[in-house]
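Peer 1: If it helps, the file is called final-v2.cif and holds mmCIF, C-alpha atoms:
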data_target
loop_
_atom_site.label_atom_id
_atom_site.label_comp_id
_atom_site.auth_asym_id
_atom_site.auth_seq_id
_atom_site.Cartn_x
_atom_site.Cartn_y
_atom_site.Cartn_z
CA MET A 1 0.00 0.00 0.00
CA MET A 2 1.32 3.44 -0.81
CA LYS A 3 1.90 5.14 2.53
CA THR A 4 0.95 8.63 1.37
CA LEU A 5 -2.41 7.38 0.09
CA THR A 6 -3.13 5.53 3.33
CA GLN A 7 -2.20 8.53 5.47
CA LEU A 8 -4.50 10.77 3.42
CA LYS A 9 -7.44 8.37 3.78
CA CYS A 10 -6.84 7.98 7.51
CA SER A 11 -6.53 11.73 8.04
CA ILE A 12 -9.81 12.46 6.26
CA LEU A 13 -11.80 9.74 8.03
CA LEU A 14 -10.21 10.37 11.42
CA GLY A 15 -11.10 14.04 11.10
CA SER A 16 -14.69 13.03 10.44
CA LEU A 17 -14.67 10.73 13.49
CA LEU A 18 -13.33 13.39 15.83
CA ALA A 19 -15.76 15.95 14.48
CA ALA A 20 -18.63 13.52 15.04
CA GLY A 21 -17.51 12.92 18.60
CA GLY A 22 -17.34 16.64 19.25
CA VAL A 23 -20.61 17.90 17.81
CA MET A 24 -23.06 14.98 17.80
CA ALA A 25 -25.41 14.18 20.61
CA GLU A 26 -26.78 10.67 21.12
CA PRO A 27 -26.97 8.53 17.94
CA GLN A 28 -30.10 9.32 15.93
CA SER A 29 -31.65 7.20 13.21
CA THR A 30 -33.23 8.26 9.94
CA GLN A 31 -36.37 6.52 8.62
CA VAL A 32 -35.99 5.11 5.07
CA LEU A 33 -38.27 2.50 3.47
CA GLY A 34 -39.79 1.55 6.79
CA GLY A 35 -36.45 1.12 8.52
CA ASN A 36 -33.73 3.10 10.27
CA ILE A 37 -30.45 4.28 8.77
CA THR A 38 -27.51 4.12 11.19
CA GLY A 39 -23.75 4.49 10.90
CA LYS A 40 -20.51 3.96 12.75
CA LEU A 41 -16.95 5.26 12.41
CA THR A 42 -14.01 3.53 14.09
CA PHE A 43 -10.35 4.44 14.43
CA ALA A 44 -8.06 1.64 15.69
CA SER A 45 -4.39 0.77 16.04
CA ASP A 46 -4.88 -2.41 13.96
CA TYR A 47 -7.52 -4.51 12.21
CA VAL A 48 -7.41 -8.07 13.51
CA PHE A 49 -9.66 -10.67 11.89
CA ARG A 50 -9.67 -14.18 13.40
CA GLY A 51 -6.22 -13.66 14.82
CA GLU A 52 -4.73 -12.13 11.66
CA SER A 53 -3.54 -8.56 11.35
CA GLU A 54 -5.06 -7.13 8.17
CA THR A 55 -2.43 -4.37 8.14
CA MET A 56 0.86 -6.29 7.78
CA ASP A 57 1.51 -6.72 11.50
CA GLY A 58 -0.04 -3.37 12.49
CA ASP A 59 2.05 -1.40 10.00
CA VAL A 60 -0.70 1.23 9.62
CA PRO A 61 -3.68 2.28 11.77
CA VAL A 62 -7.16 1.70 10.40
CA VAL A 63 -10.25 3.79 9.85
CA GLN A 64 -13.44 1.76 9.41
CA GLY A 65 -16.98 2.79 8.57
CA THR A 66 -20.36 1.08 8.52
CA LEU A 67 -23.57 2.41 7.00
CA GLY A 68 -26.58 0.21 7.70
CA TRP A 69 -30.35 -0.09 7.48
CA GLY A 70 -32.70 -2.19 9.62
CA ASN A 71 -36.41 -2.53 10.33
CA ASP A 72 -38.61 -3.77 13.18
CA GLN A 73 -39.02 -7.19 11.54
CA GLY A 74 -35.31 -7.88 11.94
CA TRP A 75 -34.27 -7.44 8.31
CA TYR A 76 -31.10 -5.44 7.82
CA GLY A 77 -28.41 -4.61 5.29
CA GLY A 78 -25.57 -2.23 4.70
CA VAL A 79 -21.94 -1.85 3.78
CA TYR A 80 -18.73 -1.95 5.81
CA THR A 81 -15.36 -0.60 4.65
CA SER A 82 -11.83 -0.42 6.02
CA ASN A 83 -8.31 0.31 4.85
CA ILE A 84 -6.05 -2.77 4.89
CA LYS A 85 -2.46 -3.67 3.99
CA PHE A 86 -1.15 -7.01 2.68
CA ALA A 87 1.95 -8.20 0.85
CA ASP A 88 -0.12 -7.81 -2.33
CA PRO A 89 0.02 -4.03 -3.01
CA ASN A 90 -3.38 -4.18 -4.73
CA LEU A 91 -5.07 -5.01 -1.42
CA GLU A 92 -5.59 -1.53 0.02
CA ILE A 93 -9.32 -1.41 0.81
CA VAL A 94 -12.00 -3.93 1.72
CA THR A 95 -15.62 -3.01 1.02
CA ALA A 96 -18.15 -5.45 2.39
CA PRO A 97 -21.87 -5.28 1.56
CA TYR A 98 -24.08 -7.43 3.78
CA ILE A 99 -27.71 -8.44 4.22
CA GLY A 100 -29.36 -10.46 6.95
CA LYS A 101 -32.24 -11.30 9.27
CA ALA A 102 -32.18 -11.37 13.06
CA GLY A 103 -34.82 -12.32 15.59
CA THR A 104 -35.88 -14.63 18.41
CA PHE A 105 -37.18 -18.20 18.35
CA GLY A 106 -40.66 -17.67 19.81
CA ASP A 107 -40.64 -17.06 23.56
CA SER A 108 -37.49 -19.09 24.14
CA GLY A 109 -35.23 -16.07 24.53
CA ILE A 110 -32.84 -17.68 22.07
CA THR A 111 -31.82 -15.25 19.34
CA TYR A 112 -30.71 -15.95 15.79
CA ASP A 113 -28.82 -13.96 13.17
CA VAL A 114 -28.31 -15.07 9.56
CA MET A 115 -26.18 -12.85 7.34
CA LEU A 116 -24.51 -12.93 3.93
CA PHE A 117 -21.27 -10.93 4.06
CA SER A 118 -19.14 -10.33 0.94
CA TYR A 119 -15.50 -9.27 1.07
CA LEU A 120 -14.79 -7.13 -1.99
CA TYR A 121 -11.32 -5.78 -2.76
CA PRO A 122 -11.25 -2.94 -5.32
CA GLY A 123 -8.29 -3.47 -7.61
CA ALA A 124 -7.88 -7.06 -6.44
CA SER A 125 -11.19 -8.73 -7.32
CA TYR A 126 -9.40 -12.10 -7.59
CA SER A 127 -9.48 -12.17 -3.76
CA ASN A 128 -13.24 -11.53 -3.40
CA TYR A 129 -15.30 -14.07 -1.48
CA THR A 130 -18.53 -14.40 0.53
CA GLU A 131 -19.41 -16.00 3.87
CA LEU A 132 -22.73 -17.04 5.41
CA TRP A 133 -22.73 -16.01 9.07
CA LEU A 134 -25.00 -18.13 11.30
CA LYS A 135 -25.37 -17.18 14.96
CA VAL A 136 -27.58 -18.17 17.88
CA GLY A 137 -27.45 -16.54 21.30
CA LYS A 138 -28.96 -16.36 24.75
CA GLN A 139 -29.03 -13.70 27.46
CA PHE A 140 -28.36 -14.84 31.04
CA GLY A 141 -28.96 -11.80 33.22
CA GLN A 142 -26.06 -9.47 32.49
CA ALA A 143 -24.19 -12.18 30.56
CA ASN A 144 -24.64 -13.14 26.93
CA LEU A 145 -23.41 -16.13 24.94
CA GLN A 146 -23.27 -16.31 21.13
CA LEU A 147 -22.45 -19.40 19.08
CA GLU A 148 -21.22 -18.92 15.50
CA VAL A 149 -20.81 -21.16 12.46
CA THR A 150 -19.65 -19.27 9.35
CA PRO A 151 -18.98 -21.20 6.13
CA THR A 152 -17.68 -19.71 2.89
CA VAL A 153 -20.08 -19.91 -0.05
CA ASP A 154 -17.32 -19.68 -2.69
CA ASP A 155 -13.52 -20.00 -2.80
CA TRP A 156 -11.95 -18.65 0.40
CA PHE A 157 -10.05 -15.43 -0.36
CA GLY A 158 -10.31 -16.34 -4.02
CA VAL A 159 -7.99 -19.36 -3.71
CA ASP A 160 -9.20 -22.02 -6.16
CA GLY A 161 -10.76 -25.00 -4.38
CA TRP A 162 -10.31 -23.68 -0.83
CA GLN A 163 -13.34 -23.76 1.46
CA GLY A 164 -13.55 -22.55 5.04
CA VAL A 165 -15.81 -22.72 8.08
CA ASN A 166 -15.26 -20.57 11.17
CA TYR A 167 -16.54 -21.98 14.47
CA ALA A 168 -16.60 -19.61 17.43
CA ILE A 169 -18.03 -18.88 20.87
CA HIS A 170 -18.56 -15.24 21.88
CA PRO A 171 -19.23 -14.65 25.62
CA SER A 172 -19.79 -11.19 27.09
CA TYR A 173 -20.75 -9.59 30.39
CA GLN A 174 -22.16 -6.10 31.01
CA PHE A 175 -21.24 -4.66 34.42
CA GLU A 176 -23.53 -2.18 36.18
CA ASN A 177 -20.93 0.58 35.80
CA GLY A 178 -21.24 0.33 32.00
CA ILE A 179 -18.00 -1.57 31.39
CA SER A 180 -18.35 -4.57 29.07
CA LEU A 181 -16.10 -7.61 29.15
CA SER A 182 -16.20 -9.67 25.97
CA GLY A 183 -14.19 -12.23 24.11
CA SER A 184 -14.14 -14.92 21.47
CA VAL A 185 -12.65 -18.39 21.06
CA GLY A 186 -12.77 -19.95 17.62
CA TYR A 187 -11.28 -22.18 14.98
CA GLN A 188 -10.98 -21.25 11.31
CA ASP A 189 -11.24 -24.57 9.50
CA LEU A 190 -9.76 -24.52 6.01
CA ASP A 191 -9.93 -27.27 3.39
CA GLY A 192 -8.14 -27.52 0.05
CA ASN A 193 -4.79 -28.39 -1.44
CA GLY A 194 -2.13 -26.99 0.92
CA ALA A 195 -4.71 -25.52 3.31
CA GLU A 196 -4.51 -25.65 7.11
CA GLY A 197 -6.83 -24.18 9.75
CA TRP A 198 -5.96 -22.31 12.95
CA GLY A 199 -7.33 -21.38 16.35
CA HIS A 200 -7.91 -17.77 17.35
CA TRP A 201 -9.15 -15.85 20.40
CA ASN A 202 -9.55 -12.39 21.84
CA LEU A 203 -10.46 -10.80 25.17
CA GLY A 204 -11.22 -7.15 25.81
CA VAL A 205 -13.00 -4.45 27.75
CA SER A 206 -15.11 -1.62 26.34
CA LYS A 207 -16.76 1.48 27.76
CA THR A 208 -18.79 4.36 26.33
CA PHE A 209 -17.80 7.82 27.51
CA ALA A 210 -18.84 11.25 26.19
CA GLY A 211 -20.59 9.66 23.22
CA LEU A 212 -17.52 7.64 22.17
CA SER A 213 -16.98 3.90 22.62
CA PHE A 214 -13.50 2.80 23.69
CA ASP A 215 -12.22 -0.75 23.30
CA LEU A 216 -9.01 -2.37 24.53
CA ARG A 217 -8.52 -5.94 23.27
CA TYR A 218 -5.92 -8.72 23.27
CA HIS A 219 -5.75 -11.05 20.25
CA GLY A 220 -3.96 -14.38 19.83
CA SER A 221 -3.83 -17.43 17.56
CA THR A 222 -2.22 -20.86 17.15
CA VAL A 223 -0.37 -19.93 13.95
CA ASP A 224 3.43 -20.33 14.04
CA GLU A 225 6.29 -20.59 11.54
CA SER A 226 5.29 -24.16 10.64
CA HIS A 227 1.83 -23.20 9.37
CA LYS A 228 1.25 -24.37 5.80
CA VAL A 229 -0.58 -21.25 4.66
CA TYR A 230 1.22 -18.45 6.53
CA GLY A 231 4.64 -19.97 7.13
CA THR A 232 6.53 -16.97 5.70
CA GLN A 233 4.22 -14.32 7.22
CA THR A 234 3.59 -15.52 10.77
CA LYS A 235 4.21 -12.07 12.28
CA ILE A 236 0.74 -11.04 11.15
CA PHE A 237 -0.58 -13.65 13.63
CA ASP A 238 1.56 -12.57 16.59
CA ASP A 239 -0.29 -11.90 19.84
CA ARG A 240 -1.17 -8.21 20.03
CA VAL A 241 -3.17 -5.55 21.87
CA VAL A 242 -5.48 -3.33 19.83
CA ILE A 243 -6.95 -0.02 20.96
CA GLY A 244 -10.01 1.40 19.22
CA VAL A 245 -12.45 4.28 19.52
CA SER A 246 -15.75 4.52 17.67
CA LYS A 247 -18.72 6.82 17.23
CA SER A 248 -22.22 5.70 16.27
CA PHE A 249 -24.72 7.98 14.62
#
Could you show the structure in this file as structure tokens?
Peer 2:
Amino acid sequence: MMKTLTQLKCSILLGSLLAAGGVMAEPQSTQVLGGNITGKLTFASDYVFRGESETMDGDVPVVQGTLGWGNDQGWYGGVYTSNIKFADPNLEIVTAPYIGKAGTFGDSGITYDVMLFSYLYPGASYSNYTELWLKVGKQFGQANLQLEVTPTVDDWFGVDGWQGVNYAIHPSYQFENGISLSGSVGYQDLDGNGAEGWGHWNLGVSKTFAGLSFDLRYHGSTVDESHKVYGTQTKIFDDRVVIGVSKSF
């Protein structure tokens, strides 16, 4: 990624984030087609996805944005975008449109969330792929537990014949003082010629203050220098701490 281009993008979006934090009151929604339009801007020290740094071992900070729509029936859709950095210089941005349906199974208190999420890479469309996110969850007082199974619906990261399924557990706990403790433990299964899966986890705390949400999170994985897929790039899987701040509107 060209550093000057990345710095320009980050400066523009970070300026927007700080401005939003300074002048906006509580997040407000806009009614469109029977649903609400919402958004979110995030600035973070790294972008870690299932244990992997999406910025070449935290080489650049990230600015991420989400613009979404949802209605009272649980249907939703939107688009997510973030700057990224890989060994392939064409991988500079990921833009991810998504659509889904969330709700509850009757009076059981068990929630569900089904979402199609496409990873699109402008300038590097050979890496595009789509996943089907399947989640069920349950609230236990101030604690929540989510179970996830996420298979790919086409070639993983555009690699011919590779298929993946991510299995994960996402526990969280909301304290009365507003601090949230949350984490994830998962395994990214990967099948195909030369493919190999890996375990990943994270644990963090978050707190909203003055209209901004702050998150401090530790990430780790089982990937080491012997991994078949990432053997020459294992630093991007090193354990790391990520700090982020976001603003919803």
Peer 1: Could you list as a list in words every residue that has an atom within 10 Å of (-26.3, -6.5, 5.3), using the file's coordinates and counting only C-alpha atoms?
Peer 2: Leu67, Gly68, Trp69, Gly70, Trp75, Tyr76, Gly77, Gly78, Val79, Tyr80, Ala96, Pro97, Tyr98, Ile99, Gly100, Lys101, Val114, Met115, Leu116, Phe117 and Ser118 of chain A
Peer 1: What separation in Å, quoted to one decimal, exists between atom CA of Gly141 of chain A and atom CA of Asn202 of chain A?
Peer 2: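 These atoms are spaced 22.5 Å apart.
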Peer 1: One number please: atom CA of Ile179 of chain A to atom CA of Ser206 of chain A, in Å, one decimal.
Peer 2: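 Atom-to-atom, atom CA of Ile179 of chain A and atom CA of Ser206 of chain A are spaced 5.8 Å apart.
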Peer 1: Which is closest to Ser180 of chain A among A:Thr208, A:Gln163, A:Asn193, A:Thr42, if we use all atoms listed in the file?
Peer 2: A:Thr208
Peer 1: With 12 Å as the cut-off and all atoms listed in the file counted, what is the closest atom pair between each nearby residue of segment 72-167 of chain A and segment 219-239 of chain A? Distances in Å to one decimal, ordered by chain and number, as CSV.
Peer 2:
residue,atom,partner,partner_atom,distance
A:Lys85,CA,A:Ile236,CA,10.8
A:Phe86,CA,A:Ile236,CA,9.6
A:Ala87,CA,A:Gln233,CA,9.1
A:Val159,CA,A:Val229,CA,11.3
A:Trp162,CA,A:Val229,CA,11.4
Peer 1: Using only C-alpha atoms, please write the residues we just selected to a file, as a JSON list (two decimals), in the frame of the given file.
Peer 2:
[["chain", "number", "residue", "atom", "x", "y", "z"],
["A", 85, "LYS", "CA", -2.46, -3.67, 3.99],
["A", 86, "PHE", "CA", -1.15, -7.01, 2.68],
["A", 87, "ALA", "CA", 1.95, -8.20, 0.85],
["A", 159, "VAL", "CA", -7.99, -19.36, -3.71],
["A", 162, "TRP", "CA", -10.31, -23.68, -0.83]]
Peer 1: I'd like the neighbourhood of Gly204 of chain A as a PyMOL selection string, where a residue qualifies if any of its atoms comes within 12 Å (using only C-alpha atoms), though same-chain residues fewer than 3 positions away should be ignored.
Peer 2: chain A and resi 170-173+179-184+201+207+214-220+240-244
Peer 1: Any chance you could export the current selection's C-alpha atoms as a short mmCIF file (atom, residue, chain, number, x, y, z; two decimals), in the coordinates of the input?
Peer 2:
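Dumped everything to again-v3.cif:
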data_model
loop_
_atom_site.label_atom_id
_atom_site.label_comp_id
_atom_site.auth_asym_id
_atom_site.auth_seq_id
_atom_site.Cartn_x
_atom_site.Cartn_y
_atom_site.Cartn_z
CA HIS A 170 -18.56 -15.24 21.88
CA PRO A 171 -19.23 -14.65 25.62
CA SER A 172 -19.79 -11.19 27.09
CA TYR A 173 -20.75 -9.59 30.39
CA ILE A 179 -18.00 -1.57 31.39
CA SER A 180 -18.35 -4.57 29.07
CA LEU A 181 -16.10 -7.61 29.15
CA SER A 182 -16.20 -9.67 25.97
CA GLY A 183 -14.19 -12.23 24.11
CA SER A 184 -14.14 -14.92 21.47
CA TRP A 201 -9.15 -15.85 20.40
CA LYS A 207 -16.76 1.48 27.76
CA PHE A 214 -13.50 2.80 23.69
CA ASP A 215 -12.22 -0.75 23.30
CA LEU A 216 -9.01 -2.37 24.53
CA ARG A 217 -8.52 -5.94 23.27
CA TYR A 218 -5.92 -8.72 23.27
CA HIS A 219 -5.75 -11.05 20.25
CA GLY A 220 -3.96 -14.38 19.83
CA ARG A 240 -1.17 -8.21 20.03
CA VAL A 241 -3.17 -5.55 21.87
CA VAL A 242 -5.48 -3.33 19.83
CA ILE A 243 -6.95 -0.02 20.96
CA GLY A 244 -10.01 1.40 19.22
#
Peer 1: Smallest atom-to-atom distance to Phe249 of chain A: which of A:Val32, A:Thr66, A:Pro61, A:Thr152, using only C-alpha atoms?
Peer 2: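 Closest to Phe249 of chain A of all the choices is A:Thr66.
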